[in-house]
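Undergrad: Sharing upload-v5.cif here; it has mmCIF, C-alpha atoms and all ligand atoms.
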data_entry
#
loop_
_atom_site.label_atom_id
_atom_site.label_comp_id
_atom_site.auth_asym_id
_atom_site.auth_seq_id
_atom_site.Cartn_x
_atom_site.Cartn_y
_atom_site.Cartn_z
CA MET A 29 83.53 140.62 90.52
CA ALA A 30 84.14 139.43 86.96
CA SER A 31 81.34 140.02 84.49
CA ILE A 32 80.93 139.58 80.75
CA SER A 33 79.80 142.44 78.60
CA LEU A 34 77.62 141.23 75.75
CA THR A 35 78.50 144.17 73.52
CA LEU A 36 81.80 145.74 72.57
CA THR A 37 82.68 149.08 74.12
CA ASP A 38 83.42 152.05 71.83
CA GLU A 39 87.15 151.50 72.44
CA GLN A 40 86.86 147.83 71.52
CA ARG A 41 84.92 148.68 68.37
CA ALA A 42 87.72 151.09 67.41
CA LEU A 43 90.34 148.44 68.22
CA LYS A 44 88.55 145.90 66.04
CA ALA A 45 88.14 148.40 63.19
CA GLY A 46 91.84 149.35 63.35
CA VAL A 47 92.95 145.72 63.12
CA ALA A 48 90.43 144.99 60.35
CA GLU A 49 91.75 147.98 58.42
CA ILE A 50 95.26 146.51 58.44
CA CYS A 51 93.90 143.08 57.49
CA LYS A 52 92.22 144.57 54.41
CA ARG A 53 95.65 145.45 53.08
CA TYR A 54 96.64 141.77 53.36
CA PRO A 55 93.95 139.89 51.43
CA GLY A 56 93.73 136.20 50.50
CA GLU A 57 96.33 136.49 47.71
CA TYR A 58 98.93 137.71 50.21
CA TRP A 59 98.48 134.73 52.56
CA ARG A 60 98.12 132.30 49.66
CA GLU A 61 101.40 133.29 48.05
CA LEU A 62 103.29 133.11 51.34
CA ASP A 63 101.64 129.76 52.03
CA ALA A 64 102.85 128.34 48.71
CA ARG A 65 106.39 129.53 49.42
CA ARG A 66 106.18 128.79 53.17
CA GLU A 67 107.35 132.32 53.91
CA TYR A 68 106.84 134.40 57.03
CA PRO A 69 104.27 137.26 56.77
CA GLU A 70 106.95 139.83 57.49
CA ALA A 71 105.09 142.86 56.14
CA PHE A 72 101.88 142.02 58.01
CA VAL A 73 103.66 141.38 61.31
CA SER A 74 105.71 144.59 60.96
CA GLU A 75 102.62 146.68 60.31
CA LEU A 76 100.76 145.11 63.20
CA THR A 77 103.76 145.73 65.46
CA LYS A 78 104.19 149.34 64.35
CA ALA A 79 100.54 150.00 65.06
CA GLY A 80 101.16 148.70 68.60
CA TYR A 81 98.76 145.76 68.46
CA LEU A 82 101.35 143.16 69.42
CA ALA A 83 102.25 145.19 72.49
CA ALA A 84 98.61 145.31 73.58
CA LEU A 85 99.21 143.27 76.73
CA ILE A 86 102.54 144.84 77.75
CA PRO A 87 101.92 147.26 80.64
CA ALA A 88 102.15 150.98 79.81
CA GLU A 89 105.17 151.43 82.12
CA PHE A 90 107.13 149.19 79.70
CA GLY A 91 105.86 150.93 76.58
CA GLY A 92 102.86 148.74 75.77
CA ALA A 93 99.16 149.52 75.70
CA GLY A 94 98.43 147.74 78.99
CA LEU A 95 95.15 146.35 77.68
CA PRO A 96 93.27 143.45 79.25
CA ILE A 97 93.40 139.98 77.73
CA ALA A 98 89.86 140.45 76.40
CA ASP A 99 91.31 143.05 74.03
CA GLY A 100 94.26 140.85 73.06
CA ALA A 101 91.68 138.18 72.28
CA LEU A 102 89.70 140.62 70.14
CA ILE A 103 92.83 141.53 68.13
CA LEU A 104 93.62 137.89 67.33
CA GLU A 105 90.00 136.98 66.63
CA THR A 106 89.73 139.90 64.21
CA ILE A 107 92.84 138.85 62.28
CA HIS A 108 91.45 135.34 61.81
CA ALA A 109 87.92 136.50 61.05
CA ASN A 110 89.42 138.56 58.23
CA GLY A 111 91.19 135.58 56.67
CA GLY A 112 94.64 136.19 58.15
CA ASN A 113 96.75 134.03 60.41
CA ALA A 114 97.91 135.49 63.73
CA ALA A 115 99.87 132.32 64.48
CA ALA A 116 102.79 134.16 62.90
CA CYS A 117 102.97 136.50 65.87
CA HIS A 118 100.59 135.40 68.64
CA ALA A 119 103.24 133.87 70.90
CA GLN A 120 104.55 137.30 71.84
CA MET A 121 101.24 138.10 73.49
CA TYR A 122 101.25 135.12 75.79
CA ILE A 123 104.89 134.36 76.45
CA MET A 124 105.84 137.84 77.52
CA GLY A 125 103.50 137.24 80.49
CA THR A 126 106.08 134.82 81.92
CA VAL A 127 108.75 137.54 81.79
CA LEU A 128 106.32 140.06 83.23
CA ARG A 129 105.23 137.89 86.17
CA HIS A 130 108.49 136.11 86.97
CA GLY A 131 111.32 138.05 85.32
CA GLY A 132 113.65 140.29 87.31
CA GLU A 133 113.29 144.06 87.14
CA ALA A 134 116.49 144.37 85.05
CA GLN A 135 115.23 141.76 82.58
CA LYS A 136 111.89 143.53 82.22
CA ARG A 137 113.49 146.95 81.74
CA LYS A 138 115.98 145.54 79.24
CA TYR A 139 113.55 143.63 77.05
CA LEU A 140 109.92 144.64 77.41
CA PRO A 141 110.20 148.22 76.04
CA LYS A 142 112.10 146.91 73.00
CA ILE A 143 109.55 144.16 72.49
CA ALA A 144 106.82 146.79 72.69
CA THR A 145 108.37 148.93 69.93
CA GLY A 146 109.19 145.91 67.79
CA GLU A 147 112.92 146.48 68.04
CA LEU A 148 113.10 142.96 69.46
CA ARG A 149 110.82 140.06 68.69
CA LEU A 150 109.91 137.51 71.33
CA GLN A 151 108.08 135.00 69.17
CA ALA A 152 109.82 131.70 69.92
CA PHE A 153 108.80 129.38 72.72
CA GLY A 154 110.94 126.26 73.16
CA VAL A 155 109.13 123.58 75.12
CA THR A 156 108.25 120.52 73.01
CA GLU A 157 110.85 117.78 72.55
CA PRO A 158 110.92 114.73 70.29
CA ASP A 159 110.85 112.27 73.20
CA SER A 160 108.59 114.04 75.68
CA GLY A 161 105.77 115.70 73.70
CA SER A 162 102.77 116.51 75.87
CA ASP A 163 104.55 115.07 78.91
CA THR A 164 106.57 118.24 79.46
CA THR A 165 108.16 117.22 82.76
CA LYS A 166 110.05 114.45 80.92
CA LEU A 167 111.93 116.90 78.74
CA GLN A 168 115.62 116.12 78.39
CA THR A 169 117.29 119.35 77.31
CA THR A 170 119.71 120.33 80.07
CA ALA A 171 121.08 123.70 81.15
CA VAL A 172 124.10 123.32 83.44
CA ARG A 173 125.42 126.29 85.39
CA THR A 174 129.15 126.90 84.92
CA GLY A 175 130.33 130.20 86.42
CA ASP A 176 128.44 133.08 84.91
CA ARG A 177 126.90 130.95 82.15
CA TYR A 178 124.58 128.04 81.53
CA VAL A 179 125.60 125.41 78.99
CA VAL A 180 122.60 124.02 77.12
CA ASN A 181 122.50 120.63 75.40
CA GLY A 182 119.58 118.77 73.85
CA ARG A 183 116.99 119.25 71.17
CA LYS A 184 113.51 120.62 70.64
CA ILE A 185 110.92 119.93 67.98
CA PHE A 186 108.15 122.03 66.39
CA ILE A 187 109.55 125.31 67.68
CA SER A 188 107.86 128.01 65.65
CA ARG A 189 109.32 131.34 64.51
CA ALA A 190 112.85 130.64 65.81
CA LEU A 191 114.23 132.10 62.59
CA GLN A 192 112.04 135.20 62.77
CA SER A 193 112.52 135.91 66.47
CA ASP A 194 115.35 137.64 68.33
CA LEU A 195 114.46 136.10 71.66
CA MET A 196 113.27 132.69 72.75
CA LEU A 197 111.72 131.56 75.98
CA LEU A 198 113.34 128.19 76.66
CA LEU A 199 112.37 125.48 79.13
CA ALA A 200 115.24 123.20 80.14
CA ARG A 201 116.20 120.86 82.95
CA THR A 202 118.59 122.37 85.48
CA THR A 203 118.41 119.60 88.11
CA PRO A 204 118.71 115.96 87.07
CA VAL A 205 115.57 113.83 87.51
CA ASP A 206 117.19 111.62 90.18
CA ARG A 207 117.72 114.67 92.42
CA ILE A 208 114.21 116.14 92.43
CA ALA A 209 111.42 115.56 94.91
CA ARG A 210 108.47 116.13 92.55
CA ARG A 211 108.35 115.50 88.80
CA THR A 212 107.50 119.17 88.22
CA ASP A 213 110.70 120.36 89.95
CA GLY A 214 114.08 121.01 88.40
CA LEU A 215 112.99 122.74 85.19
CA SER A 216 113.94 126.35 84.51
CA VAL A 217 112.88 129.05 82.09
CA PHE A 218 115.41 131.17 80.22
CA LEU A 219 114.92 134.26 78.13
CA VAL A 220 117.56 133.69 75.48
CA ASP A 221 118.87 136.12 72.91
CA ILE A 222 119.20 133.68 70.00
CA ARG A 223 120.69 136.08 67.46
CA GLY A 224 123.88 134.50 66.12
CA LEU A 225 124.09 132.23 69.15
CA LYS A 226 126.87 129.63 68.89
CA GLY A 227 125.85 126.01 69.51
CA LEU A 228 122.29 126.54 68.26
CA GLU A 229 121.19 124.93 65.02
CA ILE A 230 117.76 125.71 63.61
CA ARG A 231 116.36 123.36 60.96
CA PRO A 232 113.09 124.45 59.31
CA LEU A 233 110.36 121.82 59.02
CA ARG A 234 107.87 121.86 56.18
CA MET A 235 104.48 121.48 57.84
CA MET A 236 100.91 121.10 56.57
CA MET A 237 100.42 124.86 56.87
CA ASN A 238 102.70 127.88 56.72
CA HIS A 239 103.86 128.05 60.33
CA SER A 240 107.63 128.74 60.34
CA THR A 241 108.26 125.69 62.51
CA ASN A 242 111.67 124.20 63.25
CA ALA A 243 113.71 121.52 64.93
CA LEU A 244 116.33 122.99 67.26
CA PHE A 245 119.62 121.43 68.29
CA PHE A 246 121.65 122.70 71.24
CA ASP A 247 125.28 121.65 71.26
CA ASP A 248 127.11 123.22 74.22
CA MET A 249 125.10 126.39 73.64
CA GLU A 250 126.32 128.94 76.19
CA ILE A 251 123.95 131.56 77.53
CA PRO A 252 124.58 134.21 80.21
CA ALA A 253 123.43 133.18 83.68
CA ASP A 254 121.19 136.23 83.83
CA SER A 255 119.04 134.70 81.06
CA LEU A 256 117.36 132.74 83.85
CA VAL A 257 113.81 133.92 84.49
CA GLY A 258 112.84 133.91 88.17
CA GLU A 259 114.18 131.10 90.34
CA GLU A 260 116.05 128.09 89.10
CA GLY A 261 113.94 124.92 89.21
CA ARG A 262 110.56 126.65 89.18
CA GLY A 263 110.18 126.87 85.39
CA PHE A 264 107.36 124.38 85.06
CA SER A 265 105.07 126.37 87.34
CA TYR A 266 105.99 129.58 85.48
CA ILE A 267 104.99 127.99 82.18
CA LEU A 268 101.75 126.68 83.73
CA ASP A 269 100.99 130.23 84.93
CA GLY A 270 100.97 131.37 81.32
CA MET A 271 98.72 128.59 80.08
CA ASN A 272 95.42 130.31 80.78
CA ALA A 273 96.40 133.34 78.72
CA GLU A 274 97.59 131.08 75.92
CA ARG A 275 94.31 129.11 75.95
CA VAL A 276 92.18 132.27 75.83
CA LEU A 277 94.22 133.78 72.99
CA VAL A 278 94.36 130.62 70.91
CA ALA A 279 90.62 130.08 71.44
CA SER A 280 90.11 133.55 70.01
CA GLU A 281 91.95 132.65 66.83
CA SER A 282 89.70 129.61 66.46
CA VAL A 283 86.62 131.77 67.06
CA GLY A 284 87.86 134.12 64.31
CA ASP A 285 88.42 131.16 61.98
CA GLY A 286 84.95 129.87 62.74
CA ARG A 287 83.44 133.24 61.89
CA TRP A 288 85.42 133.43 58.63
CA PHE A 289 84.25 129.93 57.59
CA THR A 290 80.59 130.51 58.36
CA GLU A 291 80.59 133.88 56.61
CA ARG A 292 82.20 132.37 53.52
CA ALA A 293 79.86 129.38 53.61
CA VAL A 294 76.76 131.59 53.83
CA ALA A 295 77.95 133.82 50.99
CA TYR A 296 78.87 130.95 48.69
CA SER A 297 75.78 128.85 49.33
CA GLY A 298 73.59 131.86 48.62
CA GLN A 299 75.21 132.46 45.28
CA ARG A 300 75.99 128.97 43.92
CA VAL A 301 73.06 127.71 41.87
CA VAL A 302 72.69 123.95 41.31
CA PHE A 303 69.49 122.24 40.09
CA GLY A 304 68.07 125.69 39.40
CA LYS A 305 68.32 127.10 42.94
CA PRO A 306 70.94 128.37 45.37
CA ILE A 307 72.43 125.41 47.25
CA GLY A 308 71.78 127.23 50.55
CA VAL A 309 68.05 126.43 50.34
CA ASN A 310 68.87 122.77 50.89
CA GLN A 311 68.78 121.77 54.53
CA GLY A 312 71.71 119.44 53.92
CA VAL A 313 73.79 122.53 53.14
CA GLN A 314 72.16 125.07 55.46
CA PHE A 315 71.96 123.09 58.70
CA PRO A 316 75.66 122.21 59.06
CA ILE A 317 76.44 125.92 58.62
CA ALA A 318 73.78 126.89 61.18
CA LYS A 319 75.12 124.28 63.63
CA ALA A 320 78.68 125.51 63.17
CA HIS A 321 77.56 129.09 63.73
CA MET A 322 75.93 128.10 67.05
CA ALA A 323 79.06 126.22 68.12
CA VAL A 324 81.30 129.18 67.29
CA ASP A 325 79.06 131.63 69.13
CA ALA A 326 78.88 129.37 72.19
CA ALA A 327 82.67 128.99 72.18
CA ALA A 328 83.03 132.76 71.97
CA LEU A 329 80.87 133.13 75.08
CA MET A 330 83.06 130.67 77.00
CA ARG A 331 86.13 132.54 75.75
CA ASP A 332 84.59 135.81 76.98
CA LYS A 333 83.90 134.25 80.37
CA ALA A 334 87.48 132.97 80.64
CA ALA A 335 88.88 136.37 79.60
CA ALA A 336 86.67 138.21 82.09
CA LEU A 337 87.80 135.95 84.94
CA PHE A 338 91.43 136.27 83.85
CA ASP A 339 91.22 140.06 83.72
CA ALA A 340 89.58 140.14 87.15
CA GLY A 341 92.46 138.06 88.55
CA GLU A 342 90.13 135.18 89.39
CA PRO A 343 90.83 131.47 88.78
CA CYS A 344 89.99 130.65 85.16
CA GLY A 345 91.73 127.35 84.40
CA ALA A 346 88.47 125.52 83.76
CA GLU A 347 87.01 128.22 81.52
CA ALA A 348 90.26 128.86 79.62
CA ASN A 349 90.64 125.16 78.87
CA MET A 350 86.99 124.74 77.93
CA ALA A 351 87.17 127.80 75.67
CA LYS A 352 90.25 126.43 73.88
CA TYR A 353 88.57 123.04 73.34
CA LEU A 354 85.17 124.37 72.30
CA ALA A 355 86.63 126.98 69.95
CA ALA A 356 89.01 124.56 68.22
CA GLU A 357 86.19 122.05 67.72
CA ALA A 358 83.75 124.75 66.55
CA ALA A 359 86.25 126.13 64.04
CA TRP A 360 86.83 122.64 62.71
CA GLU A 361 83.06 122.07 62.40
CA ALA A 362 82.74 125.37 60.55
CA ALA A 363 85.71 124.49 58.34
CA ASN A 364 84.04 121.24 57.31
CA ALA A 365 80.68 122.90 56.67
CA CYS A 366 82.47 125.50 54.56
CA ILE A 367 84.56 123.08 52.51
CA ASP A 368 81.53 120.82 52.00
CA CYS A 369 79.31 123.59 50.68
CA HIS A 370 82.04 124.73 48.29
CA GLY A 371 82.08 121.33 46.59
CA GLY A 372 85.16 121.01 44.37
CA TYR A 373 85.94 124.72 44.70
CA GLY A 374 86.67 124.23 48.40
CA PHE A 375 89.81 122.40 47.32
CA ALA A 376 90.93 125.08 44.87
CA GLU A 377 93.63 127.29 46.36
CA GLU A 378 92.17 130.56 45.06
CA TYR A 379 89.16 130.29 47.38
CA ASP A 380 91.37 130.27 50.52
CA VAL A 381 89.04 127.69 52.09
CA GLU A 382 91.57 124.86 51.85
CA ARG A 383 94.29 127.09 53.34
CA LYS A 384 92.15 128.13 56.30
CA PHE A 385 91.01 124.49 56.62
CA ARG A 386 94.63 123.39 57.07
CA GLU A 387 95.46 126.30 59.36
CA CYS A 388 92.54 125.92 61.75
CA ARG A 389 93.10 122.18 62.20
CA LEU A 390 96.28 122.85 64.15
CA TYR A 391 94.40 124.13 67.19
CA LYS A 392 92.85 120.75 67.93
CA THR A 393 96.44 119.53 68.47
CA ALA A 394 98.58 122.50 69.54
CA PRO A 395 99.58 124.27 71.67
CA VAL A 396 97.92 121.55 73.72
CA ASN A 397 95.97 118.69 72.22
CA ASN A 398 92.27 118.51 72.94
CA ASN A 399 92.58 115.11 74.63
CA LEU A 400 94.70 116.71 77.32
CA VAL A 401 92.10 119.46 77.72
CA LEU A 402 89.47 116.76 78.28
CA ALA A 403 91.79 115.12 80.80
CA TYR A 404 92.17 118.49 82.57
CA VAL A 405 88.40 118.95 82.79
CA GLY A 406 87.88 115.35 83.95
CA GLU A 407 90.49 115.64 86.66
CA HIS A 408 90.53 119.27 87.79
CA VAL A 409 86.95 120.36 87.13
CA LEU A 410 85.00 117.15 87.72
CA GLY A 411 87.30 115.55 90.30
CA MET A 412 87.69 112.31 88.36
CA PRO A 413 90.84 110.14 88.56
CA ARG A 414 93.91 111.32 86.71
CA SER A 415 94.00 109.42 83.41
CA TYR A 416 97.69 109.77 82.63
C1 LIG A 501 102.63 123.58 63.62
C2 LIG A 501 103.05 123.35 65.02
C3 LIG A 501 103.65 124.38 65.73
C4 LIG A 501 104.11 124.17 67.03
N1 LIG A 501 104.77 125.17 67.69
C5 LIG A 501 105.34 124.92 68.89
C6 LIG A 501 106.16 125.91 69.53
O1 LIG A 501 106.35 127.00 69.02
N2 LIG A 501 106.74 125.57 70.71
C7 LIG A 501 106.57 124.37 71.30
O2 LIG A 501 107.14 124.14 72.37
N3 LIG A 501 105.78 123.41 70.73
C8 LIG A 501 105.18 123.66 69.54
N4 LIG A 501 104.41 122.70 68.93
C9 LIG A 501 104.26 121.40 69.56
C10 LIG A 501 102.86 121.14 70.10
O3 LIG A 501 102.64 121.91 71.24
C11 LIG A 501 102.77 119.63 70.32
O4 LIG A 501 102.78 119.00 69.06
C12 LIG A 501 101.55 119.25 71.09
O5 LIG A 501 101.64 119.75 72.39
C13 LIG A 501 101.36 117.74 71.14
O6 LIG A 501 102.55 117.11 71.51
P1 LIG A 501 103.13 115.91 70.63
O7 LIG A 501 103.16 116.34 69.20
O8 LIG A 501 104.42 115.45 71.18
O9 LIG A 501 102.08 114.78 70.76
P2 LIG A 501 102.10 113.60 71.86
O10 LIG A 501 102.25 114.16 73.21
O11 LIG A 501 103.07 112.58 71.39
O12 LIG A 501 100.63 113.05 71.69
C14 LIG A 501 100.25 112.34 70.49
C15 LIG A 501 98.77 112.06 70.54
O13 LIG A 501 98.46 111.25 71.65
C16 LIG A 501 97.37 111.80 72.36
N5 LIG A 501 97.67 111.72 73.80
C17 LIG A 501 98.87 111.87 74.41
N6 LIG A 501 98.73 111.72 75.72
C18 LIG A 501 97.44 111.45 75.97
C19 LIG A 501 96.67 111.19 77.14
N7 LIG A 501 97.21 111.17 78.36
N8 LIG A 501 95.35 111.00 77.01
C20 LIG A 501 94.77 111.00 75.79
N9 LIG A 501 95.44 111.23 74.65
C21 LIG A 501 96.76 111.45 74.74
C22 LIG A 501 97.18 113.23 71.94
O14 LIG A 501 95.83 113.52 71.71
C23 LIG A 501 97.95 113.33 70.66
O15 LIG A 501 97.04 113.38 69.59
C24 LIG A 501 103.92 122.90 67.63
C25 LIG A 501 103.27 121.88 66.93
C26 LIG A 501 102.86 122.09 65.65
C27 LIG A 501 102.22 120.94 64.90
#
Now, as a test, write the supplied structure out as structure tokens.
TA:
Amino acid sequence: MASISLTLTDEQRALKAGVAEICKRYPGEYWRELDARREYPEAFVSELTKAGYLAALIPAEFGGAGLPIADGALILETIHANGGNAAACHAQMYIMGTVLRHGGEAQKRKYLPKIATGELRLQAFGVTEPDSGSDTTKLQTTAVRTGDRYVVNGRKIFISRALQSDLMLLLARTTPVDRIARRTDGLSVFLVDIRGLKGLEIRPLRMMMNHSTNALFFDDMEIPADSLVGEEGRGFSYILDGMNAERVLVASESVGDGRWFTERAVAYSGQRVVFGKPIGVNQGVQFPIAKAHMAVDAAALMRDKAAALFDAGEPCGAEANMAKYLAAEAAWEAANACIDCHGGYGFAEEYDVERKFRECRLYKTAPVNNNLVLAYVGEHVLGMPRSY
């Protein structure tokens, strides 16, 4: 039976303290400077990897810590609550689950131990395309089997960390649409070693926040046939299998953001004096912060429930989706309360509020937009008609 613990265990407290200790060495200035230059937080990610935190969810037999998702969630939440941005490295935690659940034994033995030590990075996840977007089954990138290889053609958009990653999990069409029975058939997942790969062009995109995001172009890109994960044609269901983990982990980053914003808002509004008193005594300043705090705490509870169900191997689609939605909205509410109470200073880079404001906004849109989460809840939880 799944159950939620309302307090952290001693091990979890130590885990949180260890991550927070690393975060202290990477203060606001570090993230701010990288943000201005749109550079990858190489030093932070390396230190986190060396300490084993990015291998938290890899089973011990493959060199990881074999921790439950609740602990992966705690790691990511802690990074965000300390002003950092785990988006630089979070994908590894959730995409390696696809390899773990559906990859062949040889694939797991070849890659997972190296991912655990940091010798290889699996940080790139190639799903979104310019012409399909949220409607994943309409993706047009093809992978055609020729002998012992697949030849990949097409393009992807908004693929993060492709330049910082050695490996990419790629979703492509292996059976043409006119030869499939269901729209979810005919897609396959590949674990691709993208280092120096011919036929792959990676074009960085300058985004609102520092996210190392790119457009990818595949022009007769040849990959070994054994890059295929699991069975050909079943890729869409494999990706869906990983969605609950992704939702729980991303929700945790939003919860961390929400905590960072409320903490900053409380501190600033207690110290900023206007009209002879701290601004925090005004209900117009205090109440939005109090409301955001309640929203963040409630989202954290839903996240905990989703994680507990996930770790117990019970269905958790509803909770994982609700946690992702509630946490992204709560972080955004907290971001607005925080920027509002900072007045003009909220827009000054040196306060980090505007940076976190830009960063946290992403999670209302990606990895899945909140409208589609509402559609999921309407259809799958409440039994209402499919809206799309
Ligand atoms: C910084 C960043 C990093 C990203 N990293 C990656 C990555 O590493 N890998 C990857 O594969 N993708 C990545 N993405 C892509 C991201 O997952 C998509 O942008 C997201 O899923 C939304 O898809 P879209 O942009 O095509 O929007 P669309 O699907 O075109 O949707 C546009 C808008 O229409 C609304 N909408 C669409 N359909 C419906 C509907 N049925 N009902 C109600 N509203 C609807 C949505 O709310 C949305 O706001 C990234 C995106 C960003 C911005």
Undergrad: Write out as a list in words which residues come within 10 Å of Gly345 (chain A) when counting only C-alpha atoms, dropping same-chain ones fewer than 6 positions away.
TA: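 Within the cut-off, the hits are Asp269, Met271, Asn272, Ala273, Arg275, Val276, Ala334, Leu337, Phe338, Ala351, Tyr404, Val405, His408 and Val409 of chain A.
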Undergrad: Around region 228-236 of chain A, fit a box with edges along x, y and z, padding it by 6 Å on each side, then list its centre and edge lengths in Å to one decimal as JSON.
TA:
{"center_x": 111.6, "center_y": 123.8, "center_z": 62.2, "size_x": 33.4, "size_y": 17.4, "size_z": 24.1}
Undergrad: With all atoms listed in the file as the counted atoms, please give the residues lying no more than 9 Å from Val381 (chain A), apart from itself and same-chain residues fewer than 5 positions off, as a list in words.
TA: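 My reading of the contact set: Phe289, Arg292, Ala363, Cys366, Ile367, His370, Tyr373, Gly374, Phe375, Ala376 and Arg386 of chain A.
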Undergrad: Which one of A:Thr156, A:Gln311, A:Thr202, A:Ser280 sits closest to ligand LIG 501 (chain A) if you count all atoms listed in the file?
TA: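 Looking at the shortest contact to ligand LIG 501 (chain A), the residue is A:Thr156.
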Undergrad: So, with all atoms listed in the file as the atoms that count, which of A:Ala144, A:Ala279, A:Ala323, A:Ile317 lies closest to Met350 (chain A)?
TA: A:Ala279
Undergrad: Please identify all protein, DNA and RNA residues within 6 Å of ligand LIG 501 (chain A), counting all atoms listed in the file, and report them as a list of chain:residue names.
TA: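 If we count all atoms listed in the file, the neighbours of ligand LIG 501 (chain A) turn out to be A:Ala152, A:Phe153, A:Gly154, A:Val155, A:Thr156, A:Gly161, A:Ser162, A:Phe186, A:Ile187, A:Ser188, A:His239, A:Thr241, A:Thr393, A:Ala394, A:Pro395, A:Val396, A:Asn397, A:Asn399, A:Leu400, A:Tyr416.
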Undergrad: Would you output that residue set with C-alpha atoms, as a tab-separated table (two decimals), in the frame of the given file?
TA:
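Generated file (part.tsv):
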chain	number	residue	atom	x	y	z
A	152	ALA	CA	109.82	131.70	69.92
A	153	PHE	CA	108.80	129.38	72.72
A	154	GLY	CA	110.94	126.26	73.16
A	155	VAL	CA	109.13	123.58	75.12
A	156	THR	CA	108.25	120.52	73.01
A	161	GLY	CA	105.77	115.70	73.70
A	162	SER	CA	102.77	116.51	75.87
A	186	PHE	CA	108.15	122.03	66.39
A	187	ILE	CA	109.55	125.31	67.68
A	188	SER	CA	107.86	128.01	65.65
A	239	HIS	CA	103.86	128.05	60.33
A	241	THR	CA	108.26	125.69	62.51
A	393	THR	CA	96.44	119.53	68.47
A	394	ALA	CA	98.58	122.50	69.54
A	395	PRO	CA	99.58	124.27	71.67
A	396	VAL	CA	97.92	121.55	73.72
A	397	ASN	CA	95.97	118.69	72.22
A	399	ASN	CA	92.58	115.11	74.63
A	400	LEU	CA	94.70	116.71	77.32
A	416	TYR	CA	97.69	109.77	82.63
Undergrad: Between A:Ala346, A:Ala209, A:Met249, A:Val217, single out the one closest to Arg177 (chain A), counting only C-alpha atoms.
TA: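 Checking each of A:Ala346, A:Ala209, A:Met249, A:Val217 against Arg177 (chain A), counting only C-alpha atoms, the winner is A:Met249.
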Undergrad: Skip Ala318 (chain A) itself and residues of its chain fewer than 4 positions away, then list as a PDB file with C-alpha atoms, keeping the file's coordinate frame all residues within 12 Å of it, counting all atoms listed in the file.
TA:
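Final output, around.pdb:
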ATOM      1  CA  GLY A 286      84.950 129.870  62.740  1.00  0.00           C
ATOM      2  CA  ARG A 287      83.440 133.240  61.890  1.00  0.00           C
ATOM      3  CA  PHE A 289      84.250 129.930  57.590  1.00  0.00           C
ATOM      4  CA  THR A 290      80.590 130.510  58.360  1.00  0.00           C
ATOM      5  CA  GLU A 291      80.590 133.880  56.610  1.00  0.00           C
ATOM      6  CA  ALA A 293      79.860 129.380  53.610  1.00  0.00           C
ATOM      7  CA  VAL A 294      76.760 131.590  53.830  1.00  0.00           C
ATOM      8  CA  GLY A 308      71.780 127.230  50.550  1.00  0.00           C
ATOM      9  CA  GLN A 311      68.780 121.770  54.530  1.00  0.00           C
ATOM     10  CA  GLY A 312      71.710 119.440  53.920  1.00  0.00           C
ATOM     11  CA  VAL A 313      73.790 122.530  53.140  1.00  0.00           C
ATOM     12  CA  GLN A 314      72.160 125.070  55.460  1.00  0.00           C
ATOM     13  CA  MET A 322      75.930 128.100  67.050  1.00  0.00           C
ATOM     14  CA  ALA A 323      79.060 126.220  68.120  1.00  0.00           C
ATOM     15  CA  VAL A 324      81.300 129.180  67.290  1.00  0.00           C
ATOM     16  CA  ASP A 325      79.060 131.630  69.130  1.00  0.00           C
ATOM     17  CA  ALA A 358      83.750 124.750  66.550  1.00  0.00           C
ATOM     18  CA  GLU A 361      83.060 122.070  62.400  1.00  0.00           C
ATOM     19  CA  ALA A 362      82.740 125.370  60.550  1.00  0.00           C
ATOM     20  CA  ALA A 365      80.680 122.900  56.670  1.00  0.00           C
ATOM     21  CA  CYS A 366      82.470 125.500  54.560  1.00  0.00           C
TER      22      CYS A 366
END
Undergrad: Can you tell me, as a PyMOL selection string, what residues are no more than 9 Å from region 180-183 of chain A when counting all atoms listed in the file, ignoring any on the same chain fewer than 2 positions away?
TA: chain A and resi 157-158+168-172+178+185+200+227+243-251
Undergrad: Hey, which of A:Leu43, A:Met330, A:Lys226, A:Gly261 ends up closest to Arg207 (chain A)? Count only C-alpha atoms.
TA: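 Using only C-alpha atoms, Arg207 (chain A) sits closest to A:Gly261.
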Undergrad: Considering only C-alpha atoms, can you say which of A:Leu225, A:Ala336, A:Leu402, A:Pro204 comes closest to Tyr353 (chain A)?
TA: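 Among the listed residues, the smallest separation from Tyr353 (chain A) belongs to A:Leu402.
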Undergrad: Hey, which of A:Leu199, A:Val73, A:Ile143, A:Ala115 ends up closest to Gly92 (chain A)? Count only C-alpha atoms.
TA: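 Nearest to Gly92 (chain A): A:Ile143.
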Undergrad: So how far away is CA of Glu281 (chain A) from CA of Glu105 (chain A), in Å?
TA: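 Separation between CA of Glu105 (chain A) and CA of Glu281 (chain A): 4.8 Å.
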